[in-house]
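Structure file start_31.txt with compact mmCIF, C-alpha atoms:
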# COMPACT_ATOMS: atom_id res chain seq x y z
CA MET A 1 107.20 81.21 84.34
CA ILE A 2 106.45 77.64 85.28
CA ASP A 3 108.82 74.66 85.29
CA LEU A 4 108.93 73.09 81.82
CA ARG A 5 109.69 69.71 83.34
CA LEU A 6 106.52 69.95 85.42
CA LEU A 7 104.59 70.94 82.31
CA ARG A 8 105.84 67.88 80.44
CA GLU A 9 105.10 65.54 83.36
CA ASP A 10 101.63 66.88 84.14
CA PRO A 11 100.22 68.87 81.21
CA ASP A 12 96.65 68.30 82.41
CA ARG A 13 97.36 70.40 85.48
CA ALA A 14 98.48 73.29 83.27
CA ARG A 15 95.43 72.86 81.02
CA ALA A 16 93.13 72.90 84.07
CA SER A 17 94.86 76.03 85.36
CA GLN A 18 94.43 77.84 82.05
CA ARG A 19 90.79 76.78 81.92
CA ALA A 20 90.20 78.04 85.48
CA ARG A 21 91.76 81.39 84.57
CA GLY A 22 89.53 81.67 81.52
CA GLU A 23 92.59 81.72 79.29
CA ASP A 24 93.75 79.84 76.19
CA VAL A 25 94.05 76.11 76.97
CA ALA A 26 95.57 75.42 73.53
CA LEU A 27 98.61 77.44 74.63
CA VAL A 28 99.72 74.44 76.71
CA ASP A 29 99.82 72.12 73.69
CA SER A 30 101.54 74.74 71.55
CA LEU A 31 104.16 75.08 74.26
CA LEU A 32 104.64 71.32 74.58
CA SER A 33 105.09 71.08 70.80
CA ALA A 34 107.64 73.91 70.73
CA ASP A 35 109.49 72.39 73.66
CA GLU A 36 109.68 69.02 71.88
CA ARG A 37 111.10 70.73 68.77
CA ARG A 38 113.55 72.64 70.97
CA ARG A 39 114.85 69.48 72.59
CA SER A 40 114.99 67.37 69.43
CA SER A 41 116.67 70.12 67.41
CA GLY A 42 119.12 70.60 70.27
CA VAL A 43 120.03 66.91 70.19
CA ARG A 44 120.47 67.02 66.41
CA PHE A 45 122.69 70.11 66.66
CA ASP A 46 124.87 68.45 69.32
CA GLU A 47 125.23 65.30 67.24
CA LEU A 48 126.18 67.21 64.10
CA ARG A 49 128.58 69.45 66.02
CA ASN A 50 130.33 66.44 67.53
CA GLU A 51 130.53 64.84 64.10
CA GLN A 52 132.01 68.05 62.73
CA LYS A 53 134.69 68.08 65.41
CA SER A 54 135.57 64.44 64.72
CA PHE A 55 135.62 65.10 60.99
CA GLY A 56 138.34 67.69 61.38
CA LYS A 57 140.66 65.03 62.78
CA LEU A 58 139.94 62.70 59.85
CA ILE A 59 140.86 65.40 57.33
CA SER A 60 144.16 66.09 59.05
CA LYS A 61 145.07 62.41 58.80
CA ALA A 62 143.68 61.74 55.30
CA SER A 63 145.74 61.06 52.19
CA PRO A 64 145.72 63.63 49.36
CA GLU A 65 143.37 61.41 47.35
CA GLU A 66 140.82 61.19 50.23
CA LYS A 67 141.11 64.80 51.32
CA ALA A 68 139.12 66.29 48.41
CA ASP A 69 136.04 64.16 49.14
CA LEU A 70 136.37 64.78 52.85
CA LEU A 71 136.53 68.53 52.34
CA LYS A 72 133.29 68.41 50.33
CA ARG A 73 131.67 66.44 53.11
CA ALA A 74 133.02 68.94 55.65
CA GLU A 75 131.41 71.81 53.77
CA GLN A 76 128.08 69.97 53.75
CA LEU A 77 128.44 69.17 57.44
CA LYS A 78 129.18 72.83 58.17
CA ALA A 79 125.95 73.85 56.40
CA ASP A 80 124.01 71.15 58.27
CA VAL A 81 125.38 72.37 61.63
CA LYS A 82 124.42 75.94 60.81
CA SER A 83 120.92 74.87 59.78
CA ALA A 84 120.47 72.75 62.93
CA GLU A 85 121.66 75.62 65.10
CA ALA A 86 119.15 78.00 63.48
CA GLU A 87 116.37 75.45 63.96
CA ARG A 88 117.33 74.96 67.62
CA ASP A 89 117.49 78.72 68.29
CA ALA A 90 114.13 79.33 66.61
CA ALA A 91 112.47 76.54 68.60
CA ASP A 92 114.04 77.83 71.82
CA ALA A 93 112.83 81.38 71.12
CA GLU A 94 109.32 80.14 70.38
CA THR A 95 109.33 78.05 73.57
CA GLN A 96 110.39 81.02 75.68
CA GLN A 97 107.83 83.30 74.03
CA LEU A 98 105.00 80.85 74.70
CA LEU A 99 106.23 80.15 78.21
CA LEU A 100 106.06 83.87 79.06
CA ARG A 101 102.39 83.90 78.00
CA LEU A 102 101.43 81.08 80.38
CA GLY A 103 100.12 82.15 83.78
CA ASN A 104 101.19 80.60 87.06
CA LEU A 105 99.54 77.31 88.00
CA VAL A 106 96.42 78.05 90.03
CA HIS A 107 96.37 76.51 93.51
CA PRO A 108 93.83 73.64 93.61
CA ASP A 109 91.89 75.24 96.49
CA VAL A 110 91.24 78.51 94.64
CA PRO A 111 87.52 79.02 93.84
CA VAL A 112 86.91 78.72 90.11
CA GLY A 113 85.16 81.55 88.30
CA GLY A 114 85.23 85.28 87.63
CA GLU A 115 85.41 88.42 89.72
CA GLU A 116 82.17 87.75 91.63
CA ASP A 117 82.92 84.08 92.38
CA PHE A 118 85.19 84.73 95.36
CA VAL A 119 84.67 82.96 98.69
CA THR A 120 84.35 85.02 101.88
CA LEU A 121 86.68 83.54 104.52
CA GLU A 122 86.27 85.93 107.45
CA THR A 123 84.43 89.09 108.50
CA HIS A 124 85.80 91.54 111.08
CA GLY A 125 84.47 94.59 112.90
CA GLU A 126 81.06 96.19 113.28
CA ILE A 127 79.35 98.07 110.45
CA ARG A 128 77.93 101.34 111.79
CA ASP A 129 74.20 102.01 111.46
CA PHE A 130 74.20 105.75 110.81
CA SER A 131 70.41 105.92 110.88
CA THR A 132 70.40 105.05 114.58
CA GLU A 133 72.96 107.82 115.13
CA GLY A 134 70.63 110.31 113.51
CA PHE A 135 72.57 111.43 110.43
CA GLU A 136 73.24 110.51 106.81
CA PRO A 137 76.92 109.65 106.20
CA ARG A 138 78.87 111.93 103.88
CA ASP A 139 81.12 110.38 101.26
CA HIS A 140 84.90 110.72 101.49
CA LEU A 141 85.13 113.55 98.97
CA GLU A 142 82.62 115.73 100.77
CA LEU A 143 84.38 115.00 104.06
CA GLY A 144 87.78 115.65 102.50
CA GLN A 145 86.61 119.03 101.23
CA LEU A 146 85.13 119.96 104.63
CA LEU A 147 88.43 119.05 106.28
CA GLY A 148 90.50 120.89 103.68
CA ALA A 149 92.16 117.52 103.00
CA ILE A 150 91.35 116.62 99.37
CA ASP A 151 91.34 118.80 96.24
CA VAL A 152 90.35 116.92 93.09
CA GLU A 153 89.34 120.02 91.10
CA ARG A 154 92.86 121.42 91.08
CA GLY A 155 94.24 117.92 90.59
CA ALA A 156 92.23 117.70 87.37
CA LYS A 157 93.28 121.23 86.37
CA VAL A 158 96.96 120.42 86.82
CA SER A 159 97.12 116.80 85.63
CA GLY A 160 93.73 115.62 84.33
CA SER A 161 91.06 113.26 85.62
CA ARG A 162 91.86 110.80 88.43
CA PHE A 163 94.56 113.05 89.89
CA TYR A 164 94.28 114.93 93.17
CA PHE A 165 96.02 116.99 95.83
CA LEU A 166 96.13 115.94 99.47
CA THR A 167 96.24 119.20 101.43
CA GLY A 168 96.55 120.16 105.08
CA VAL A 169 95.39 117.31 107.32
CA GLY A 170 95.01 115.14 104.19
CA ALA A 171 98.77 115.31 103.60
CA LEU A 172 99.42 114.77 107.31
CA LEU A 173 97.07 111.78 107.31
CA GLU A 174 99.01 110.16 104.45
CA LEU A 175 102.31 110.65 106.28
CA ALA A 176 100.78 109.23 109.46
CA LEU A 177 99.52 106.16 107.61
CA VAL A 178 102.86 105.54 105.93
CA ASN A 179 104.83 105.94 109.16
CA ALA A 180 102.45 103.71 111.13
CA ALA A 181 102.50 101.04 108.41
CA ILE A 182 106.30 101.07 108.20
CA ALA A 183 106.48 100.89 112.01
CA GLN A 184 104.28 97.78 112.04
CA ALA A 185 106.28 96.16 109.25
CA THR A 186 109.60 96.95 110.91
CA ALA A 187 108.37 95.49 114.21
CA ALA A 188 107.45 92.31 112.28
CA GLY A 189 111.00 92.00 110.93
CA PHE A 190 110.67 93.63 107.51
CA THR A 191 113.51 95.75 106.16
CA PRO A 192 112.15 99.19 105.16
CA MET A 193 112.91 100.12 101.55
CA LEU A 194 112.46 103.23 99.42
CA THR A 195 112.32 101.85 95.89
CA PRO A 196 112.74 103.25 92.36
CA ALA A 197 109.56 104.27 90.56
CA LEU A 198 111.13 103.63 87.14
CA VAL A 199 112.32 100.16 86.12
CA ARG A 200 113.78 98.45 83.06
CA PRO A 201 111.67 96.18 80.84
CA GLN A 202 113.22 92.99 82.24
CA SER A 203 112.13 93.96 85.74
CA MET A 204 108.55 94.63 84.66
CA ALA A 205 108.34 91.50 82.49
CA GLY A 206 110.01 89.37 85.14
CA THR A 207 107.30 90.11 87.66
CA GLY A 208 104.54 89.40 85.14
CA PHE A 209 103.25 92.92 84.53
CA LEU A 210 103.76 93.04 80.76
CA GLY A 211 101.19 90.32 80.06
CA GLN A 212 97.54 90.77 80.94
CA ALA A 213 98.34 93.90 82.99
CA ALA A 214 100.27 95.69 80.23
CA GLN A 215 97.35 97.99 79.36
CA ASP A 216 97.58 99.59 82.81
CA VAL A 217 101.32 100.27 82.66
CA TYR A 218 102.89 103.64 81.81
CA HIS A 219 105.89 103.37 79.46
CA LEU A 220 108.47 106.07 78.71
CA ASP A 221 109.35 105.31 75.09
CA LYS A 222 112.36 107.63 74.91
CA ASP A 223 114.09 105.95 77.85
CA ASP A 224 112.51 102.46 77.56
CA LEU A 225 111.60 102.59 81.23
CA TYR A 226 108.33 101.74 82.97
CA LEU A 227 106.60 103.54 85.82
CA VAL A 228 105.78 100.93 88.45
CA GLY A 229 102.22 100.22 89.48
CA THR A 230 103.48 98.77 92.76
CA SER A 231 106.82 98.49 94.57
CA GLU A 232 106.39 94.72 94.17
CA VAL A 233 108.22 95.18 90.86
CA PRO A 234 111.50 96.69 92.12
CA LEU A 235 111.36 94.53 95.28
CA ALA A 236 111.05 91.37 93.18
CA ALA A 237 113.83 92.48 90.83
CA TYR A 238 116.08 93.55 93.73
CA HIS A 239 117.72 90.09 93.78
CA MET A 240 117.48 89.46 90.03
CA ASP A 241 120.26 87.14 88.72
CA GLU A 242 121.37 86.29 92.27
CA ILE A 243 121.83 83.08 94.25
CA ILE A 244 120.80 83.47 97.90
CA ASP A 245 122.07 81.18 100.64
CA ALA A 246 119.22 79.27 102.30
CA GLU A 247 120.37 80.47 105.74
CA ARG A 248 119.35 84.03 104.78
CA LEU A 249 115.70 83.09 104.16
CA PRO A 250 113.14 84.37 104.70
CA LEU A 251 114.02 87.78 103.30
CA ARG A 252 111.26 90.32 103.98
CA TYR A 253 111.12 93.88 102.64
CA ALA A 254 108.59 96.68 103.18
CA GLY A 255 108.75 99.04 100.23
CA PHE A 256 107.32 102.54 100.02
CA SER A 257 106.87 104.07 96.59
CA PRO A 258 104.62 106.11 94.36
CA CYS A 259 102.52 103.88 92.09
CA PHE A 260 101.18 104.69 88.63
CA ARG A 261 98.30 102.96 86.85
CA ARG A 262 96.44 103.85 83.67
CA GLU A 263 93.22 102.24 84.95
CA ALA A 264 92.55 101.50 81.28
CA GLY A 265 89.55 99.25 81.92
CA SER A 266 87.86 101.42 84.53
CA HIS A 267 86.06 104.04 82.42
CA GLY A 268 83.02 105.19 84.38
CA LYS A 269 84.07 103.34 87.55
CA ASP A 270 84.85 105.21 90.78
CA THR A 271 85.14 108.55 89.03
CA ARG A 272 84.25 110.51 92.18
CA GLY A 273 86.99 111.21 94.69
CA ILE A 274 90.25 109.33 95.21
CA PHE A 275 89.30 105.65 95.35
CA ARG A 276 90.56 104.83 91.83
CA VAL A 277 93.35 107.14 90.69
CA HIS A 278 96.34 107.20 88.34
CA GLN A 279 98.97 107.98 90.99
CA PHE A 280 99.09 106.99 94.64
CA ASP A 281 101.54 105.98 97.37
CA LYS A 282 101.69 102.53 98.90
CA VAL A 283 103.54 100.46 101.51
CA GLU A 284 104.08 96.95 100.13
CA MET A 285 105.34 93.83 101.89
CA PHE A 286 107.50 91.42 99.89
CA SER A 287 108.91 88.03 100.92
CA TYR A 288 111.47 85.60 99.52
CA VAL A 289 111.08 82.10 101.00
CA ALA A 290 111.81 78.46 100.21
CA PRO A 291 109.07 77.07 97.93
CA GLU A 292 107.79 74.65 100.58
CA ASP A 293 107.25 77.61 102.95
CA SER A 294 105.23 79.80 100.58
CA GLN A 295 101.74 78.81 101.79
CA ALA A 296 102.65 79.46 105.42
CA GLU A 297 104.21 82.80 104.47
CA HIS A 298 101.08 83.69 102.52
CA GLN A 299 99.03 83.24 105.69
CA ARG A 300 101.52 85.36 107.65
CA LEU A 301 101.22 88.20 105.13
CA LEU A 302 97.44 88.00 105.39
CA ASP A 303 97.68 88.10 109.19
CA TRP A 304 99.81 91.26 109.03
CA GLU A 305 97.25 92.88 106.72
CA LYS A 306 94.44 91.94 109.13
CA GLN A 307 96.46 93.34 112.04
CA TRP A 308 96.84 96.64 110.15
CA LEU A 309 93.17 97.02 109.25
CA THR A 310 92.12 96.05 112.76
CA SER A 311 94.44 98.72 114.20
CA LEU A 312 92.68 101.26 111.97
CA GLU A 313 89.37 100.11 113.50
CA LEU A 314 87.85 99.39 110.10
CA PRO A 315 85.16 96.79 109.40
CA PHE A 316 86.46 94.43 106.73
CA ARG A 317 86.20 90.98 105.22
CA VAL A 318 88.77 88.56 103.79
CA ILE A 319 88.04 86.89 100.46
CA ASP A 320 89.69 84.04 98.56
CA VAL A 321 89.93 85.54 95.07
CA ALA A 322 88.51 83.43 92.23
CA SER A 323 90.75 81.96 89.53
CA GLY A 324 89.60 84.26 86.75
CA ASP A 325 90.47 87.34 88.81
CA LEU A 326 94.06 86.33 89.66
CA GLY A 327 97.01 88.17 88.20
CA SER A 328 99.17 86.03 85.92
CA SER A 329 101.89 85.68 88.60
CA ALA A 330 99.61 84.60 91.45
CA ALA A 331 98.85 80.98 92.29
CA ARG A 332 96.48 82.21 95.02
CA LYS A 333 95.37 85.62 96.27
CA TYR A 334 93.54 86.89 99.33
CA ASP A 335 91.96 90.35 99.42
CA CYS A 336 90.95 92.34 102.49
CA GLU A 337 87.98 94.53 101.65
CA ALA A 338 86.87 97.38 103.92
CA TRP A 339 83.27 98.48 104.27
CA ILE A 340 82.57 101.80 102.54
CA PRO A 341 79.37 103.21 104.09
CA THR A 342 78.23 105.50 101.26
CA GLN A 343 78.70 102.72 98.70
CA GLY A 344 77.03 100.14 100.92
CA LYS A 345 79.58 97.48 100.07
CA TYR A 346 83.03 96.14 100.77
CA ARG A 347 85.91 97.40 98.57
CA GLU A 348 89.46 96.10 98.24
CA LEU A 349 92.04 97.79 100.47
CA THR A 350 94.80 95.18 100.62
CA SER A 351 95.77 92.12 98.65
CA THR A 352 98.34 89.36 99.15
CA SER A 353 99.53 86.90 96.50
CA ASP A 354 101.56 83.70 96.59
CA CYS A 355 103.55 83.73 93.36
CA THR A 356 105.37 80.46 94.15
CA GLU A 357 108.41 80.10 91.81
CA PHE A 358 106.82 81.99 88.90
CA GLN A 359 108.65 85.31 89.30
CA SER A 360 111.94 83.85 90.52
CA ARG A 361 112.26 81.70 87.37
CA ARG A 362 111.69 84.74 85.16
CA LEU A 363 114.12 86.87 87.17
CA SER A 364 116.69 84.09 87.72
CA ILE A 365 116.62 84.29 91.52
CA ARG A 366 117.69 81.06 93.20
CA VAL A 367 118.44 79.64 96.62
CA ARG A 368 121.52 77.57 97.48
CA GLU A 369 121.12 74.68 99.94
CA GLY A 370 124.42 72.84 100.21
CA LYS A 371 125.30 71.82 96.66
CA THR A 372 121.72 72.26 95.42
CA VAL A 373 120.60 75.45 93.66
CA ARG A 374 116.92 75.92 92.83
CA PRO A 375 114.33 78.69 92.32
CA LEU A 376 112.77 80.16 95.44
CA ALA A 377 109.26 81.50 96.05
CA THR A 378 108.16 85.14 96.11
CA LEU A 379 105.10 86.65 97.77
CA ASN A 380 103.68 90.15 98.01
CA GLY A 381 101.11 91.86 100.19
CA THR A 382 99.73 95.39 100.31
CA LEU A 383 100.01 96.88 103.76
CA CYS A 384 98.68 100.36 103.01
CA ALA A 385 97.41 101.73 99.70
CA VAL A 386 97.08 105.31 100.93
CA PRO A 387 94.13 106.90 99.06
CA ARG A 388 91.79 103.93 99.52
CA THR A 389 92.73 103.73 103.19
CA ILE A 390 91.97 107.44 103.59
CA VAL A 391 88.58 106.82 101.94
CA ALA A 392 87.78 104.06 104.43
CA ILE A 393 88.97 106.04 107.46
CA LEU A 394 87.05 109.21 106.58
CA GLU A 395 83.79 107.41 105.86
CA ASN A 396 83.86 104.92 108.74
CA HIS A 397 85.08 107.33 111.44
CA GLN A 398 83.06 110.41 110.47
CA GLN A 399 80.86 112.23 112.94
CA ALA A 400 77.63 114.18 112.47
CA ASP A 401 79.35 117.59 112.34
CA GLY A 402 81.72 116.53 109.53
CA SER A 403 84.67 115.88 111.82
CA VAL A 404 86.52 112.54 111.69
CA ARG A 405 87.76 110.54 114.67
CA VAL A 406 91.41 109.52 114.35
CA PRO A 407 92.15 105.83 115.03
CA GLU A 408 94.36 105.48 118.07
CA VAL A 409 97.22 103.86 116.14
CA LEU A 410 97.62 107.03 114.03
CA ARG A 411 97.48 109.61 116.84
CA PRO A 412 101.21 109.54 117.71
CA TYR A 413 101.94 110.39 114.06
CA LEU A 414 99.45 113.28 114.07
CA GLY A 415 100.79 115.08 117.12
CA GLY A 416 98.31 113.35 119.42
CA ARG A 417 95.32 114.67 117.48
CA GLU A 418 92.17 112.67 118.25
CA VAL A 419 89.78 114.36 115.81
CA LEU A 420 90.16 115.97 112.40
CA GLU A 421 88.02 119.11 112.48
CA PRO A 422 86.27 120.74 109.50
CA VAL A 423 87.83 123.96 108.22
CA VAL A 424 84.85 124.64 105.93
CA ARG A 425 81.29 124.80 107.30

Represent the supplied structure as structure tokens.
Amino acid sequence: MIDLRLLREDPDRARASQRARGEDVALVDSLLSADERRRSSGVRFDELRNEQKSFGKLISKASPEEKADLLKRAEQLKADVKSAEAERDAADAETQQLLLRLGNLVHPDVPVGGEEDFVTLETHGEIRDFSTEGFEPRDHLELGQLLGAIDVERGAKVSGSRFYFLTGVGALLELALVNAAIAQATAAGFTPMLTPALVRPQSMAGTGFLGQAAQDVYHLDKDDLYLVGTSEVPLAAYHMDEIIDAERLPLRYAGFSPCFRREAGSHGKDTRGIFRVHQFDKVEMFSYVAPEDSQAEHQRLLDWEKQWLTSLELPFRVIDVASGDLGSSAARKYDCEAWIPTQGKYRELTSTSDCTEFQSRRLSIRVREGKTVRPLATLNGTLCAVPRTIVAILENHQQADGSVRVPEVLRPYLGGREVLEPVVR
């Protein structure tokens, strides 16, 4: 959530942010109105409560003749206090409800618009011209089947559409990717973490995933637990309700977890293969920093993502995501999109978001500097979303005979193997 004081001091900034997101601008004024009622009713409750306390002393000192009238007044005052308390609590509840619906304030440099209004910041690597090499590239599913690496038919038989098995070298390739990604993160100073895949509602809501993203979340009604769509959720909630000494910052974690997404709005999109699936594994970077350091940390996370994709020898571009395509928690987001030859376009492989103080306010995570305690900033960045990375590796490093060259960074984790050879001809 955002700072209510900031909202009161500069409501136009919040209105502009909502407008840029394509969301309800009137929410800002509704929130300001509820906040005013919350504060005024709180003042009235405090005044009446103080009067009630003072009144008790008068009754104890009153004569028998005065006491009857004072007791009547005390009863009325008691009713007024109860009414003021109810009014204050209702206004506070409404304020909190509205505040949870308001997205983070969009950074002023974010391009305004929808999904296609991003700005390309950088382009890396060479896109292969397969026609000059004399063959038509196969897509990742055909390659995966030749290699004995991907089985979507049995995935659908066992679990339904958008599920899959990674088999043989496919399974080994996932383990190689995860180990290489964790090795890079550890070398950069991240603490490796294996995180829970099930979290309580306050953890999911605190990170902002029960708002606009709620349709993609799996919920276990019987247990009131949520399956995470990213280890960002348990990593953000890891320090929930804690005060962290400033000397400990930055705190950086690299979480590995299974991720679960309904993909509710993706009917008909990416139905072939394993690019868009309901369950996948991911290595996620997560940082806690002082608010004034969040933009610099955001650039560092992006640099680590670029280092990773470069090590995999993939052609990719970096985009500044437009305001209407930001998640509710993000003030700014950069995506790294790898070139997918058979689709003839760049597709998202990694993403990094600066969530400023939005999540820490919801989760009550603060930093102590001397006698000052204040919210800190949180940031997240995908290092390796496994299935999409496998898609990009298979398609970009394929050879005419259906084999796939292994990027050098992965070879130590695949027993020195340089090429994945077809098992089906």

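Taking all atoms listed in the file into account, Val112 of chain A lies nearest to A:Ala16 out of the set A:Gln295, A:Ser257, A:Gln343, A:Ala16.
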
Please build the interface table for segment 290-403 of chain A against segment 230-245 of chain A with a cut-off of 7 Å, listing for each qualifying residue the nearest atom pair and the distance in Å to one decimal; count all atoms listed in the file, order rows by chain and increasing number, and write it as a Markdown table.
| residue | atom | partner | partner_atom | distance |
| --- | --- | --- | --- | --- |
| A:Leu363 | CA | A:Met240 | CA | 5.1 |
| A:Ser364 | CA | A:Asp241 | CA | 4.8 |
| A:Ile365 | CA | A:Glu242 | CA | 5.2 |
| A:Arg366 | CA | A:Ile243 | CA | 4.7 |
| A:Val367 | CA | A:Ile244 | CA | 4.7 |
| A:Arg368 | CA | A:Asp245 | CA | 4.8 |
| A:Glu369 | CA | A:Asp245 | CA | 6.6 |
| A:Asn380 | CA | A:Glu232 | CA | 6.6 |

Report, in Å with one decimal, the straight-line distance from atom CA of Leu141 of chain A to atom CA of Leu314 of chain A.
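Those two atoms sit 18.2 Å apart.
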
Report, in Å to a single decimal, how far apart atom CA of Ala180 of chain A and atom CA of Val406 of chain A are.
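These two atoms are separated by 12.9 Å.
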
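Straight-line separation from atom CA of Asp303 of chain A to atom CA of Tyr253 of chain A: 16.0 Å.
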